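These notes are about the structure you will find just below.
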Amino acid sequence: HIGVFLIRTSSLVLGWYKAYSATVPIAQRILNEQNENLLGKYLEDLKTTRHTLDYHMQAPLGQLSKCSLAMHDILRSMPEHHYQRCEVENASDVLTEATEKLFQIKAESERIDYLMRLNEMMKTKTGEPLNLVSKHRFVIREGELQRLTRRGKSMFYFHLFNDILLYSSKELTTGKLICHRRFLLRDIQILNSEKDPYGIQIISPQKTFIICANTDDNFNGWLTDLNRHVKVCREEFVKKGGKLEQKAAAPLWVQDKDEDDCQLCHRRFNLLNRRHHCRKCGCLCCGKCSAHKALLTHIHQSTKVRVCDKCYAGLMNFD
């Protein structure tokens, strides 16, 4: 009476496995930290059998999947009017449902573990943690992309989540990722860039910039995922009662190589007459034409930033 047995025990086993899966990442982290003292010989034995510790800790999920497949095979070979067919069908449904739930539990465990590991290896420029672990956050795409800076292209590491976008660089001394910017997806706009065939322009209140992929697939993947999840993030925010505000956008800076002269007074740049960027319009100007600072709250809430004379005059007239 395998059907009756599985129906009675599956809910209990499911509860056990849920608790088991939740503790696997914690157990793995502790074991990895202490394996030289506590589990050195055992881990060496696992290597010789080509089975990792993770393999053994996740084995119950594989066994349940095999039981589910076996139950389907039994049903296929069982006569239509067999006296136990109804019980086996019920057991098969229970096993299928349990397997799906356990895969969901495993996926949730892996999601949290990924965020915890990323939180440990990433920090802000000031050394503070990012606190990436969130109930509904999951990663969509990650990878290296070039970003157009004022001096050319530089490589950064990007993480796209369902609610935020991060870009970071690797610290040479520690190997940790230093997060440069963190953007809420609902606040950004995505455009195709005219400066590069594989370029994507990201417009936000804090900063506007261009990222560049290296292949068609990479470009299309990032562009599709960014557009999709920006749209979804906005829709979910509105559904929860939020209001999308029309915020001012930071300008796209003119690259240093694009201008040899100040765009206001037209004096030639040199070692003494240095290049500067206006944070309001993004133009390249000399120090004399950008001596003023103004508070642009969409860029920084409390710190005044450099603006050119033209923008400063407009801000003063507006005030």
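In the structure tokens, chains take letters A, B, ... by order of appearance, with residues numbered from 1 within each chain and ligands from 1 in the order shown.
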
*Mind checking which residues fall within 8 Å of Gly199 in chain A, counting only C-alpha atoms, ignoring those fewer than 5 positions away in the same chain, and posting them as a list in words?*
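Everything that qualifies: Asn192, Ser193, Glu194, Ile210, Ile211, Cys212, Ala213 and Phe219 of chain A.
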
*For CA of Glu120 in chain A and CA of Glu142 in chain A, determine how far apart the two atoms are, in Å to one decimal place.*
16.7 Å

*Select, from A:Lys153, A:Asp256, A:Met316, A:Glu110, the residue with the minimum atom-to-atom distance to Asp196 in chain A, counting only C-alpha atoms.*
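Between A:Lys153, A:Asp256, A:Met316, A:Glu110, the residue approaching Asp196 in chain A most closely is A:Lys153.
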
*How would you write, as a list in words, the set of residues in range 93-144 of chain A that DSSP gives as strand (DSSP E)?*
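Answer for range 93-144 of chain A, restricted to strand (DSSP E): Met122, Lys123, Thr124, Val139, Ile140, Arg141, Glu142, Gly143 and Glu144 of chain A.
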
Write to file, as a CSV table (one decimal), in the first residue's frame, the residues of the selection just made, with C-alpha atoms.
chain,number,residue,atom,x,y,z
A,122,MET,CA,30.7,44.0,-1.4
A,123,LYS,CA,31.0,47.3,0.4
A,124,THR,CA,30.5,51.0,-0.2
A,139,VAL,CA,19.2,38.6,-9.0
A,140,ILE,CA,18.3,38.9,-12.7
A,141,ARG,CA,21.6,39.3,-14.4
A,142,GLU,CA,25.2,40.0,-13.5
A,143,GLY,CA,28.5,40.5,-15.4
A,144,GLU,CA,31.3,42.8,-16.5

*Just asking: which residues within range 78-307 of chain A are alpha helix (DSSP H) according to DSSP, as an MDAnalysis selection string?*
chainID A and resid 85:121 216:239

Output as a tab-separated table one row per residue of range 196-272 of chain A within 8 Å of range 284-305 of chain A: the closest atom pair and its distance in Å to one decimal place, counting only C-alpha atoms, sorted by chain and residue number ascending.
residue	atom	partner	partner_atom	distance
A:Pro205	CA	A:His298	CA	5.2
A:Gln206	CA	A:Ile299	CA	4.3
A:Lys207	CA	A:Ile299	CA	7.2
A:Lys247	CA	A:His298	CA	7.3
A:Ala248	CA	A:His298	CA	6.4
A:Ala249	CA	A:His298	CA	7.4
A:Ala250	CA	A:Ile299	CA	6.8
A:Trp253	CA	A:Leu284	CA	7.8
A:Val254	CA	A:Leu284	CA	6.2
A:Gln255	CA	A:Leu284	CA	8.0
A:Asp256	CA	A:Leu284	CA	7.4
A:Glu259	CA	A:Leu284	CA	7.2
A:Asp261	CA	A:Cys285	CA	7.7
A:Cys262	CA	A:Cys285	CA	4.4
A:Gln263	CA	A:Cys285	CA	5.6
A:Leu264	CA	A:Cys285	CA	6.4
A:Cys265	CA	A:Cys289	CA	7.3
A:Arg267	CA	A:Cys286	CA	7.8
A:Phe269	CA	A:Cys286	CA	7.4

_Shell of 8 Å around range 222-225 of chain A, only C-alpha atoms, local chain residues under 2 positions omitted, as a list in words_ = Ile140, Arg141, Ile190, Ile200, Asn218, Phe219, Asn220, Asn227, Arg228 and His229 of chain A

*For Met71 in chain A, work out the shell of residues within 8 Å, counting only C-alpha atoms and skipping chain neighbours fewer than 4 positions away, then give it as a list in words.*
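In the requested format, the answer is Cys67, Leu75, Val88, Ala91 and Ser92 of chain A.
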
_Top pick for closest residue to Gly314 in chain A, considering A:Lys280, A:Ser109, A:Thr215, A:Phe237 and counting only C-alpha atoms_ =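 Of A:Lys280, A:Ser109, A:Thr215, A:Phe237, the one nearest Gly314 in chain A, counting only C-alpha atoms, is A:Lys280.
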
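With distances restricted to only C-alpha atoms, A:Ile178 is the closest residue to Thr126 in chain A from A:Cys311, A:Arg234, A:His277, A:Ile178.
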